[in-house]
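Student: File follows, final-v9.cif with mmCIF, C-alpha atoms:
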data_structure
#
loop_
_atom_site.label_atom_id
_atom_site.label_comp_id
_atom_site.auth_asym_id
_atom_site.auth_seq_id
_atom_site.Cartn_x
_atom_site.Cartn_y
_atom_site.Cartn_z
CA MET A 1 6.96 -11.91 -59.02
CA VAL A 2 7.27 -10.11 -55.71
CA VAL A 3 7.57 -6.70 -57.37
CA ASN A 4 4.40 -7.20 -59.39
CA ARG A 5 2.41 -8.32 -56.38
CA SER A 6 3.63 -5.37 -54.28
CA LEU A 7 2.91 -2.89 -57.04
CA HIS A 8 -0.49 -4.42 -57.66
CA GLY A 9 -1.32 -4.09 -53.95
CA VAL A 10 -0.21 -0.46 -53.90
CA VAL A 11 -2.19 0.41 -57.04
CA VAL A 12 -5.31 -1.30 -55.68
CA ASN A 13 -5.00 0.47 -52.33
CA ILE A 14 -4.42 3.90 -53.82
CA GLY A 15 -7.24 3.36 -56.33
CA PHE A 16 -9.66 2.36 -53.57
CA LEU A 17 -8.57 5.35 -51.52
CA LEU A 18 -9.17 7.78 -54.38
CA TRP A 19 -12.54 6.16 -55.07
CA ILE A 20 -13.56 6.68 -51.44
CA CYS A 21 -12.31 10.29 -51.49
CA TYR A 22 -14.23 10.92 -54.71
CA GLY A 23 -17.35 9.42 -53.17
CA VAL A 24 -16.95 11.63 -50.15
CA ALA A 25 -16.32 14.71 -52.26
CA ILE A 26 -19.59 14.36 -54.13
CA MET A 27 -21.60 13.95 -50.96
CA GLU A 28 -23.58 16.79 -49.57
CA GLU A 29 -21.96 19.12 -47.09
CA GLY A 30 -21.79 17.92 -43.50
CA PHE A 31 -19.48 14.99 -43.85
CA HIS A 32 -15.83 15.91 -43.78
CA VAL A 33 -12.96 13.62 -44.64
CA SER A 34 -9.35 14.64 -44.37
CA ILE A 35 -6.63 12.38 -45.72
CA LYS A 36 -4.18 14.26 -43.50
CA ALA A 37 -4.22 14.18 -39.72
CA GLU A 38 -5.59 17.44 -38.31
CA GLU A 39 -3.16 19.70 -36.49
CA LEU A 40 -4.33 20.58 -33.00
CA THR A 41 -1.48 22.83 -31.99
CA GLN A 42 2.26 23.21 -32.29
CA TRP A 43 4.95 22.62 -29.72
CA MET A 44 8.53 23.75 -30.40
CA GLY A 45 7.81 23.76 -34.11
CA VAL A 46 6.43 20.23 -34.02
CA PRO A 47 2.83 19.87 -35.17
CA ILE A 48 0.75 18.05 -32.56
CA THR A 49 -1.84 16.19 -34.62
CA ASN A 50 -4.84 14.21 -33.42
CA SER A 51 -3.23 10.98 -34.69
CA LEU A 52 -0.04 11.81 -32.76
CA LEU A 53 -2.14 12.28 -29.62
CA MET A 54 -3.81 8.93 -30.30
CA SER A 55 -0.44 7.23 -30.77
CA TRP A 56 0.57 8.53 -27.32
CA VAL A 57 -2.61 6.97 -25.94
CA VAL A 58 -1.65 3.68 -27.65
CA VAL A 59 1.88 3.87 -26.20
CA PHE A 60 0.43 4.62 -22.76
CA LEU A 61 -1.91 1.59 -23.02
CA LEU A 62 0.97 -0.65 -24.11
CA ILE A 63 3.11 0.57 -21.20
CA PHE A 64 0.17 -0.10 -18.86
CA LEU A 65 -0.22 -3.60 -20.35
CA ALA A 66 3.52 -4.27 -19.94
CA PHE A 67 3.49 -3.27 -16.26
CA LEU A 68 0.29 -5.26 -15.71
CA ILE A 69 2.01 -8.35 -17.12
CA LYS A 70 5.17 -7.75 -15.09
CA ARG A 71 3.20 -7.25 -11.89
CA ASN A 72 1.18 -10.45 -12.35
CA THR A 73 4.02 -12.72 -13.42
CA LYS A 74 4.36 -15.61 -10.96
CA LEU A 75 5.87 -19.09 -11.10
CA VAL A 76 2.40 -20.55 -10.55
CA PRO A 77 0.37 -18.68 -13.18
CA GLY A 78 -3.12 -17.23 -12.90
CA LYS A 79 -5.67 -17.18 -15.75
CA PHE A 80 -4.36 -13.88 -17.17
CA GLN A 81 -0.76 -15.10 -17.11
CA ILE A 82 -1.72 -18.40 -18.77
CA VAL A 83 -3.30 -16.50 -21.68
CA ILE A 84 -0.26 -14.19 -22.02
CA GLU A 85 2.20 -17.09 -21.73
CA THR A 86 0.30 -19.12 -24.33
CA LEU A 87 0.25 -16.18 -26.76
CA ILE A 88 3.92 -15.23 -26.29
CA GLY A 89 5.04 -18.87 -26.25
CA GLY A 90 2.99 -19.58 -29.40
CA VAL A 91 4.42 -16.58 -31.25
CA GLN A 92 7.96 -17.46 -30.13
CA LYS A 93 7.54 -21.04 -31.39
CA PHE A 94 6.11 -19.85 -34.71
CA VAL A 95 8.96 -17.33 -35.18
CA ALA A 96 11.56 -19.98 -34.28
CA GLU A 97 10.05 -22.39 -36.83
CA SER A 98 9.89 -19.68 -39.50
CA LEU A 99 13.43 -18.35 -38.97
CA GLU A 100 14.80 -21.81 -38.10
CA SER A 101 16.75 -20.24 -35.23
CA GLU A 102 15.99 -19.97 -31.51
CA VAL A 103 18.46 -17.08 -31.14
CA LEU A 104 16.78 -15.00 -33.85
CA ALA A 105 13.36 -15.94 -32.47
CA THR A 106 14.32 -14.65 -29.02
CA ARG A 107 15.66 -11.46 -30.61
CA PHE A 108 12.70 -10.76 -32.91
CA THR A 109 9.61 -12.09 -31.10
CA PRO A 110 9.21 -8.95 -28.89
CA PHE A 111 9.55 -6.83 -32.05
CA PHE A 112 6.77 -8.69 -33.89
CA ILE A 113 4.55 -8.67 -30.81
CA SER A 114 5.11 -4.92 -30.36
CA LEU A 115 4.37 -4.23 -34.04
CA PHE A 116 1.19 -6.32 -33.88
CA LEU A 117 -0.07 -4.79 -30.63
CA PHE A 118 0.80 -1.21 -31.63
CA ILE A 119 -1.11 -1.53 -34.90
CA LEU A 120 -3.98 -3.57 -33.42
CA ILE A 121 -4.66 -1.26 -30.49
CA GLY A 122 -4.29 1.74 -32.80
CA ASN A 123 -6.86 0.23 -35.17
CA TRP A 124 -9.33 -0.85 -32.50
CA LEU A 125 -9.28 2.26 -30.34
CA GLU A 126 -11.32 4.22 -32.86
CA PHE A 127 -14.25 1.85 -32.30
CA ILE A 128 -14.53 2.73 -28.64
CA PRO A 129 -17.64 4.91 -28.47
CA GLY A 130 -16.82 8.56 -28.03
CA VAL A 131 -13.18 8.38 -29.02
CA GLU A 132 -13.61 10.20 -32.32
CA SER A 133 -16.54 12.24 -31.03
CA ILE A 134 -14.47 14.37 -28.67
CA VAL A 135 -13.77 17.56 -30.58
CA PHE A 136 -11.11 20.20 -30.28
CA HIS A 137 -11.29 23.83 -31.37
CA THR A 138 -8.02 24.82 -32.99
CA ALA A 139 -6.50 28.30 -32.85
CA GLU A 140 -7.65 28.79 -36.45
CA GLY A 141 -11.22 28.25 -35.32
CA GLU A 142 -11.57 24.80 -36.85
CA THR A 143 -13.40 22.03 -35.01
CA VAL A 144 -11.58 18.75 -35.34
CA SER A 145 -11.61 15.37 -33.61
CA LEU A 146 -9.26 15.30 -30.65
CA LEU A 147 -8.26 11.72 -31.42
CA ARG A 148 -7.89 9.98 -34.77
CA ALA A 149 -7.14 6.32 -35.57
CA ILE A 150 -3.37 6.18 -35.87
CA ASN A 151 -3.18 4.28 -39.12
CA THR A 152 -5.43 6.74 -40.93
CA ASP A 153 -2.43 9.08 -40.87
CA LEU A 154 0.20 7.92 -43.38
CA ASN A 155 2.98 9.16 -41.08
CA ILE A 156 2.47 6.22 -38.73
CA PRO A 157 2.29 3.32 -41.24
CA LEU A 158 5.27 4.91 -43.02
CA ALA A 159 7.23 5.20 -39.76
CA LEU A 160 6.47 1.54 -39.00
CA ALA A 161 7.38 0.57 -42.57
CA ILE A 162 10.73 2.39 -42.24
CA ILE A 163 11.41 0.58 -38.95
CA ALA A 164 10.48 -2.78 -40.53
CA PHE A 165 12.57 -1.98 -43.63
CA ILE A 166 15.67 -1.05 -41.56
CA THR A 167 15.21 -4.16 -39.38
CA ILE A 168 14.96 -6.43 -42.43
CA GLU A 169 18.02 -4.96 -44.16
CA VAL A 170 20.18 -4.80 -41.00
CA THR A 171 19.28 -8.41 -40.14
CA GLY A 172 20.16 -9.55 -43.67
CA ILE A 173 23.55 -7.78 -43.51
CA THR A 174 24.23 -9.04 -39.95
CA VAL A 175 23.43 -12.67 -40.75
CA LEU A 176 24.91 -12.94 -44.27
CA GLY A 177 27.60 -10.27 -44.02
CA PHE A 178 27.66 -7.12 -46.16
CA TRP A 179 29.05 -8.76 -49.30
CA GLY A 180 26.92 -11.87 -48.86
CA TYR A 181 23.78 -9.76 -48.62
CA ALA A 182 24.81 -7.43 -51.46
CA GLY A 183 25.49 -10.54 -53.56
CA LYS A 184 21.77 -11.31 -53.50
CA PHE A 185 21.10 -8.18 -55.56
CA PHE A 186 24.28 -7.88 -57.60
CA ASN A 187 24.75 -11.36 -59.00
CA PHE A 188 27.19 -11.32 -61.92
CA HIS A 189 27.09 -15.04 -62.66
CA SER A 190 24.71 -14.53 -65.56
CA PRO A 191 22.71 -11.67 -67.10
CA VAL A 192 19.47 -13.31 -65.97
CA ASN A 193 20.70 -13.53 -62.38
CA LEU A 194 21.80 -9.91 -62.50
CA PHE A 195 18.39 -8.85 -63.82
CA VAL A 196 16.58 -10.90 -61.18
CA GLY A 197 18.86 -9.47 -58.48
CA LEU A 198 18.14 -5.91 -59.58
CA LEU A 199 14.42 -6.67 -59.59
CA GLU A 200 14.78 -7.99 -56.04
CA LEU A 201 16.55 -4.76 -55.07
CA LEU A 202 13.68 -2.77 -56.56
CA SER A 203 11.15 -4.90 -54.68
CA GLU A 204 13.06 -4.28 -51.44
CA THR A 205 12.64 -0.53 -51.80
CA ILE A 206 9.05 -0.83 -52.99
CA ARG A 207 8.27 -2.65 -49.74
CA LEU A 208 8.40 0.70 -47.97
CA ILE A 209 5.49 1.91 -50.10
CA SER A 210 3.55 -1.38 -50.14
CA PHE A 211 3.90 -1.84 -46.37
CA SER A 212 2.75 1.67 -45.52
CA PHE A 213 0.01 2.05 -48.14
CA ARG A 214 -1.49 -1.40 -47.47
CA LEU A 215 -2.04 -0.54 -43.84
CA PHE A 216 -2.95 3.08 -44.39
CA GLY A 217 -5.28 2.28 -47.32
CA ASN A 218 -7.20 -0.45 -45.54
CA ILE A 219 -7.68 1.39 -42.27
CA PHE A 220 -8.37 4.80 -43.80
CA ALA A 221 -10.85 3.28 -46.26
CA GLY A 222 -12.55 1.39 -43.42
CA SER A 223 -12.73 4.53 -41.33
CA VAL A 224 -14.26 6.50 -44.21
CA LEU A 225 -16.68 3.67 -44.99
CA VAL A 226 -17.91 3.53 -41.39
CA GLY A 227 -18.13 7.35 -41.39
CA ILE A 228 -20.24 7.39 -44.56
CA ILE A 229 -22.53 4.60 -43.36
CA THR A 230 -22.94 6.36 -40.00
CA PHE A 231 -23.71 9.60 -41.81
CA LEU A 232 -26.31 7.97 -44.08
CA ALA A 233 -27.94 5.57 -41.57
CA PRO A 234 -26.79 6.33 -38.06
CA TYR A 235 -28.76 3.60 -36.22
CA ALA A 236 -27.94 -0.14 -36.27
CA ILE A 237 -26.79 -0.23 -39.90
CA PRO A 238 -23.15 0.77 -39.16
CA ALA A 239 -22.75 -2.05 -36.60
CA PRO A 240 -21.91 -4.87 -39.09
CA PHE A 241 -19.57 -2.52 -40.95
CA MET A 242 -17.82 -1.63 -37.70
CA LEU A 243 -17.57 -5.32 -36.83
CA PHE A 244 -16.03 -5.95 -40.24
CA GLU A 245 -13.56 -3.11 -39.65
CA VAL A 246 -12.62 -4.60 -36.28
CA PHE A 247 -11.79 -7.77 -38.19
CA VAL A 248 -9.87 -5.78 -40.83
CA GLY A 249 -7.91 -4.04 -38.07
CA LEU A 250 -6.89 -7.42 -36.64
CA ILE A 251 -5.99 -8.85 -40.06
CA GLN A 252 -3.94 -5.79 -41.03
CA ALA A 253 -1.99 -5.90 -37.76
CA ALA A 254 -1.26 -9.59 -38.31
CA VAL A 255 -0.38 -9.04 -41.99
CA PHE A 256 2.10 -6.27 -41.14
CA ALA A 257 3.85 -8.34 -38.45
CA LEU A 258 3.82 -11.54 -40.53
CA LEU A 259 5.16 -9.84 -43.66
CA THR A 260 8.00 -8.35 -41.60
CA LEU A 261 8.77 -11.85 -40.32
CA PHE A 262 8.72 -13.40 -43.79
CA PHE A 263 10.83 -10.63 -45.30
CA ILE A 264 13.39 -11.13 -42.50
CA LYS A 265 13.34 -14.84 -43.36
CA LEU A 266 13.94 -13.99 -47.04
CA ALA A 267 16.72 -11.56 -46.08
CA ILE A 268 18.68 -14.15 -44.07
CA MET A 269 18.29 -16.92 -46.68
CA LYS A 270 21.33 -17.65 -48.81
CA THR A 271 20.61 -17.75 -52.53
CA GLY A 272 22.05 -20.45 -54.78
CA HIS A 273 23.77 -19.45 -58.01
CA MET B 1 7.27 16.88 -52.69
CA GLU B 2 3.64 17.34 -53.57
CA ILE B 3 2.59 13.78 -52.66
CA PHE B 4 4.16 14.08 -49.21
CA HIS B 5 2.25 17.29 -48.63
CA ALA B 6 -0.98 15.72 -49.93
CA PHE B 7 -0.73 12.88 -47.43
CA GLY B 8 0.50 15.14 -44.62
CA ILE B 9 3.87 13.41 -44.34
CA GLU B 10 6.30 15.38 -42.23
CA TRP B 11 9.73 14.16 -41.18
CA LYS B 12 9.33 15.46 -37.61
CA LEU B 13 6.15 13.44 -37.17
CA LEU B 14 7.83 10.40 -38.74
CA VAL B 15 10.68 10.65 -36.23
CA ILE B 16 8.29 11.16 -33.31
CA GLN B 17 6.22 8.15 -34.40
CA MET B 18 9.35 6.03 -34.66
CA ILE B 19 10.34 7.13 -31.15
CA ASN B 20 6.80 6.35 -29.94
CA PHE B 21 7.00 2.84 -31.34
CA GLY B 22 10.55 2.50 -29.97
CA ILE B 23 9.32 3.35 -26.47
CA ALA B 24 6.42 0.89 -26.75
CA PHE B 25 8.78 -1.81 -28.06
CA PHE B 26 11.37 -1.21 -25.32
CA VAL B 27 8.80 -1.25 -22.50
CA LEU B 28 7.00 -4.32 -23.86
CA ARG B 29 10.30 -6.17 -24.27
CA GLN B 30 11.66 -5.25 -20.84
CA PHE B 31 8.51 -5.51 -18.74
CA ALA B 32 6.30 -8.01 -20.56
CA TYR B 33 8.30 -10.25 -22.86
CA LYS B 34 11.46 -10.79 -20.78
CA PRO B 35 9.67 -11.59 -17.46
CA ILE B 36 7.35 -14.03 -19.25
CA ILE B 37 10.23 -15.73 -21.09
CA ALA B 38 12.25 -15.81 -17.84
CA ILE B 39 9.36 -17.35 -15.92
CA LEU B 40 8.77 -19.90 -18.73
CA ALA B 41 12.48 -20.83 -18.65
CA LYS B 42 12.45 -21.02 -14.85
CA ARG B 43 9.33 -23.22 -14.88
CA GLU B 44 10.84 -25.43 -17.56
CA LYS B 45 13.99 -25.76 -15.42
CA GLU B 46 11.93 -26.55 -12.32
CA ILE B 47 9.92 -29.16 -14.23
CA ALA B 48 13.14 -30.70 -15.60
CA LEU B 49 14.58 -30.78 -12.08
CA GLY B 50 11.34 -32.31 -10.77
CA VAL B 51 11.34 -34.94 -13.50
CA ALA B 52 15.04 -35.69 -12.83
CA ALA B 53 14.34 -35.92 -9.08
CA ALA B 54 11.36 -38.21 -9.69
CA ASP B 55 13.49 -40.34 -12.00
CA SER B 56 16.28 -40.48 -9.42
CA ALA B 57 13.77 -41.29 -6.66
CA LYS B 58 12.29 -44.04 -8.83
CA LYS B 59 15.72 -45.52 -9.44
CA GLU B 60 16.56 -45.19 -5.73
CA LYS B 61 13.28 -46.87 -4.81
CA GLU B 62 13.99 -49.70 -7.25
CA ALA B 63 17.49 -50.09 -5.78
CA ILE B 64 16.07 -50.09 -2.24
CA LEU B 65 13.41 -52.63 -3.21
CA GLU B 66 16.07 -54.79 -4.82
CA GLU B 67 18.25 -54.48 -1.74
CA LYS B 68 15.26 -55.28 0.48
CA ASP B 69 14.49 -58.34 -1.64
CA GLY B 70 18.14 -59.41 -1.36
CA ILE B 71 18.13 -58.91 2.40
CA LEU B 72 14.83 -60.78 2.76
CA ARG B 73 16.11 -63.61 0.56
CA ALA B 74 19.33 -63.83 2.58
CA ALA B 75 17.40 -63.65 5.85
CA ARG B 76 15.03 -66.34 4.66
CA GLU B 77 17.94 -68.56 3.68
CA GLU B 78 19.72 -67.82 6.96
CA GLY B 79 16.52 -68.47 8.93
CA GLY B 80 16.01 -71.75 7.06
CA LYS B 81 19.55 -72.79 7.86
CA ILE B 82 19.09 -71.85 11.52
CA VAL B 83 15.79 -73.74 11.74
CA GLU B 84 17.36 -76.77 10.03
CA GLY B 85 20.34 -76.65 12.39
CA LEU B 86 18.08 -76.28 15.39
CA ARG B 87 15.93 -79.11 14.16
CA LYS B 88 18.97 -81.34 13.79
CA GLU B 89 20.34 -80.28 17.14
CA GLY B 90 16.93 -80.82 18.77
CA SER B 91 16.73 -84.25 17.22
CA LEU B 92 20.20 -85.16 18.49
CA GLN B 93 19.40 -83.80 21.93
CA GLU B 94 16.12 -85.70 21.96
CA ARG B 95 17.89 -88.90 21.08
CA ALA B 96 20.57 -88.29 23.71
CA MET B 97 17.92 -87.52 26.32
CA VAL B 98 15.96 -90.65 25.42
CA ARG B 99 19.14 -92.70 25.61
CA GLU B 100 20.10 -91.15 28.92
CA ALA B 101 16.61 -91.69 30.32
CA GLY B 102 16.77 -95.34 29.18
CA GLU B 103 20.13 -95.77 30.82
CA GLN B 104 18.90 -94.09 33.99
CA SER B 105 15.75 -96.21 34.09
CA ALA B 106 17.82 -99.38 33.47
CA ALA B 107 20.19 -98.37 36.28
CA ILE B 108 17.26 -97.65 38.62
CA LEU B 109 15.68 -100.97 37.67
CA ALA B 110 18.94 -102.86 38.23
CA ASP B 111 19.43 -101.13 41.52
CA ALA B 112 15.90 -101.95 42.58
CA LYS B 113 16.36 -105.58 41.56
CA ALA B 114 19.63 -105.77 43.49
CA LYS B 115 17.96 -104.24 46.54
CA ALA B 116 15.01 -106.65 46.26
CA GLU B 117 17.36 -109.60 45.94
CA GLU B 118 19.28 -108.44 48.92
CA GLU B 119 16.07 -107.98 50.85
CA ARG B 120 14.89 -111.45 49.91
CA ALA B 121 18.21 -112.97 50.94
CA TYR B 122 18.03 -111.09 54.21
CA ILE B 123 14.47 -112.21 54.80
CA LEU B 124 15.44 -115.77 53.98
CA ARG B 125 18.37 -115.56 56.30
CA GLU B 126 16.19 -114.12 59.02
CA SER B 127 13.48 -116.66 58.42
CA GLU B 128 16.05 -119.47 58.51
CA LYS B 129 17.21 -118.10 61.82
CA ASP B 130 13.58 -117.96 63.03
CA VAL B 131 12.91 -121.51 61.80
CA ALA B 132 16.07 -122.74 63.56
CA LYS B 133 15.01 -120.96 66.69
CA ALA B 134 11.54 -122.42 66.38
CA ALA B 135 12.99 -125.87 65.75
CA ILE B 136 15.23 -125.58 68.74
CA LEU B 137 12.34 -124.35 70.82
CA ALA B 138 10.22 -127.17 69.50
CA ALA B 139 12.96 -129.65 70.17
CA GLU B 140 13.42 -128.24 73.63
CA LYS B 141 9.69 -128.46 74.19
CA ILE B 142 9.58 -132.03 72.95
CA LEU B 143 12.54 -132.93 75.04
CA ARG B 144 11.02 -131.27 78.02
CA THR B 145 7.77 -133.03 77.49
CA SER B 146 9.62 -136.33 77.09
CA VAL B 147 11.57 -135.70 80.18
CA HIS B 148 8.52 -134.99 82.18
CA THR B 149 6.73 -137.88 80.78
CA ALA B 150 9.67 -140.07 81.36
#
Can the structure from this file be put into structure tokens for me?

Tutor:
Amino acid sequence: MVVNRSLHGVVVNIGFLLWICYGVAIMEEGFHVSIKAEELTQWMGVPITNSLLMSWVVVFLLIFLAFLIKRNTKLVPGKFQIVIETLIGGVQKFVAESLESEVLATRFTPFFISLFLFILIGNWLEFIPGVESIVFHTAEGETVSLLRAINTDLNIPLALAIIAFITIEVTGITVLGFWGYAGKFFNFHSPVNLFVGLLELLSETIRLISFSFRLFGNIFAGSVLVGIITFLAPYAIPAPFMLFEVFVGLIQAAVFALLTLFFIKLAIMKTGH
Amino acid sequence: MEIFHAFGIEWKLLVIQMINFGIAFFVLRQFAYKPIIAILAKREKEIALGVAAADSAKKEKEAILEEKDGILRAAREEGGKIVEGLRKEGSLQERAMVREAGEQSAAILADAKAKAEEERAYILRESEKDVAKAAILAAEKILRTSVHTA
């Protein structure tokens, strides 16, 4: 069942997270882990956290990439354009095959690409040497990292999960119509169908938690793991762990985008009675 | 709620992060995705036009080759007919010329024969005259001699 799998994933992620936090808590002083993003300052009542600063860096890089692509787009492509065209064309084809609609593929491909790139760059930026080493002295006298991997702050995976959730539900309602989509969850043809429909409704809402905690749990755990390994054996030993986390960052970005695609596919599918 | 506080979830940050992603999505769609899709569509259109033009050119070439073959065939047939006609005409002319030459040579020969006959008759006539003269002279001479001797 979808609900069971989602719940299982959430439980495993939260359990792993607590285990890591417990491990960190029993370590000697000198290694600090904060599950919350550190507040650097405030601006008009809005807390400016180090993860928020990092997300602005990610947005800036994505804007730079977009303008780079636009500037280099020619009818006779260069090497860079061939790579970009192959990637975008490949994703578009895959989305069209999955959703069985060219119109929906054209509408959603930029969304999936943006989700993937936003998460991927956010995950990978922390591995650039020096990024998390730049410190900032807050007004309270605390010394915190100026930048923090975006997905180690639950606000960002949750914001992305809300966006994905709204997109999935709105697409379902747009394609099937309000009553058609509601009929998937409130099926009065038989008690079993009604029960299954209500379970589906529950799984829809649980997606918000599973989406956000899957991403947050994996990246935060990886970040803590690399931090602990670096703290215990700073030379050479952390490299394979960092390499593994680079891979995890890629997989998690792909998983988030692919799950959004598949849930949209499920949302626009008509159910038989 | 306690769990929100524990994880540092704050609605203002959630909204800002959604706006951040919205900006990234908008810029990527407008300045990366759309130009690439437009250029792919344009290239596809150009390729389709090129293929159609090549197809049309191929058909045109085939039509031209067919027309050329037709023209060559017709020209060959026409040329053959002309050569055959000329050959027949030449043959007729040759025969006519031969016949004419034969007639001319026969006429020349007949004329020459007539002239020779006429010449011979004239010579005979002249020689008869000379013989008569000589006979007269001889007779005169004999008579004169006889007279003298007598």

Student: Which residues are close to region 40-55 of chain B, i.e. within 9 Å by all atoms listed in the file, leaving aside same-chain residues fewer than 2 positions away? Reply as a PyMOL selection string.

Tutor: (chain A and resi 75-76+85+89) or (chain B and resi 35-38+57-60)

Student: When distances are computed from only C-alpha atoms, which of A:Val224, A:Leu202, A:Ile134, A:Ile166 shows the smallest separation from chain B?

Tutor: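 Nearest to chain B: A:Ile166.
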
Student: I'd like the interatomic distance between CA of Thr260 (chain A) and CA of Val248 (chain A), to a tenth of an Å.

Tutor: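 Atom-to-atom, CA of Thr260 (chain A) to CA of Val248 (chain A), that is 18.1 Å.
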
Student: Could you tell me how far CA of Glu126 (chain A) lies from CA of Val91 (chain A), in Å and to one decimal?

Tutor: 26.1 Å

Student: Enumerate, in order of chain and increasing residue number, the residues of chain B with an atom no farther than 12 Å from chain A, each with its shortest atom pair and distance in Å to one decimal, counting all atoms listed in the file, as a Markdown table.

Tutor:
| residue | atom | partner | partner_atom | distance |
| --- | --- | --- | --- | --- |
| B:Ile3 | CA | A:Leu154 | CA | 11.2 |
| B:Phe4 | CA | A:Leu154 | CA | 9.4 |
| B:His5 | CA | A:Lys36 | CA | 8.8 |
| B:Ala6 | CA | A:Lys36 | CA | 7.3 |
| B:Phe7 | CA | A:Lys36 | CA | 5.4 |
| B:Gly8 | CA | A:Lys36 | CA | 4.9 |
| B:Ile9 | CA | A:Asn155 | CA | 5.4 |
| B:Glu10 | CA | A:Asn155 | CA | 7.1 |
| B:Trp11 | CA | A:Asn155 | CA | 8.4 |
| B:Lys12 | CA | A:Val46 | CA | 6.6 |
| B:Leu13 | CA | A:Asn155 | CA | 6.6 |
| B:Leu14 | CA | A:Ala159 | CA | 5.3 |
| B:Val15 | CA | A:Ala159 | CA | 7.4 |
| B:Ile16 | CA | A:Leu52 | CA | 8.4 |
| B:Gln17 | CA | A:Ile156 | CA | 6.0 |
| B:Met18 | CA | A:Ala159 | CA | 5.6 |
| B:Ile19 | CA | A:Ala159 | CA | 9.4 |
| B:Asn20 | CA | A:Val59 | CA | 6.7 |
| B:Phe21 | CA | A:Val59 | CA | 7.3 |
| B:Gly22 | CA | A:Ser114 | CA | 9.2 |
| B:Ile23 | CA | A:Val59 | CA | 7.5 |
| B:Ala24 | CA | A:Val59 | CA | 5.5 |
| B:Phe25 | CA | A:Ser114 | CA | 5.3 |
| B:Phe26 | CA | A:Pro110 | CA | 8.8 |
| B:Val27 | CA | A:Ile63 | CA | 6.1 |
| B:Leu28 | CA | A:Ala66 | CA | 5.2 |
| B:Arg29 | CA | A:Pro110 | CA | 5.5 |
| B:Gln30 | CA | A:Ala66 | CA | 8.2 |
| B:Phe31 | CA | A:Ala66 | CA | 5.3 |
| B:Ala32 | CA | A:Ala66 | CA | 4.7 |
| B:Tyr33 | CA | A:Pro110 | CA | 6.2 |
| B:Lys34 | CA | A:Pro110 | CA | 8.6 |
| B:Pro35 | CA | A:Lys70 | CA | 6.4 |
| B:Ile36 | CA | A:Glu85 | CA | 6.5 |
| B:Ile37 | CA | A:Gly89 | CA | 8.0 |
| B:Ala38 | CA | A:Thr73 | CA | 9.8 |
| B:Ile39 | CA | A:Leu75 | CA | 6.2 |
| B:Leu40 | CA | A:Glu85 | CA | 7.7 |
| B:Ala41 | CA | A:Leu75 | CA | 10.2 |
| B:Lys42 | CA | A:Leu75 | CA | 7.8 |
| B:Arg43 | CA | A:Leu75 | CA | 6.6 |
| B:Glu44 | CA | A:Leu75 | CA | 10.3 |
| B:Lys45 | CA | A:Leu75 | CA | 11.4 |
| B:Glu46 | CA | A:Leu75 | CA | 9.7 |
| B:Ile47 | CA | A:Leu75 | CA | 11.3 |

Student: Quick one: residues within 9 Å of Gly227 (chain A), all atoms listed in the file, excluding same-chain residues fewer than 3 positions away - as a list in words?

Tutor: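 My list of contacting residues is Phe31, Val33, Gly222, Ser223, Val224, Thr230, Phe231, Leu232 and Pro238 of chain A.
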
Student: Rounded to one decimal, what separation in Å do you get between CA of Tyr122 (chain B) and CA of Glu103 (chain B)?

Tutor: 28.0 Å

Student: Determine, counting all atoms listed in the file, which protein, DNA and RNA residues have an atom within 9 Å of an atom of Lys184 (chain A); residues of the same chain fewer than 6 positions away are not included. Present the result as a list in words.

Tutor: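 Residues near the query, excluding close chain neighbours: Gly197, Leu198, Glu200, Leu201, Ala267, Lys270 and Thr271 of chain A.
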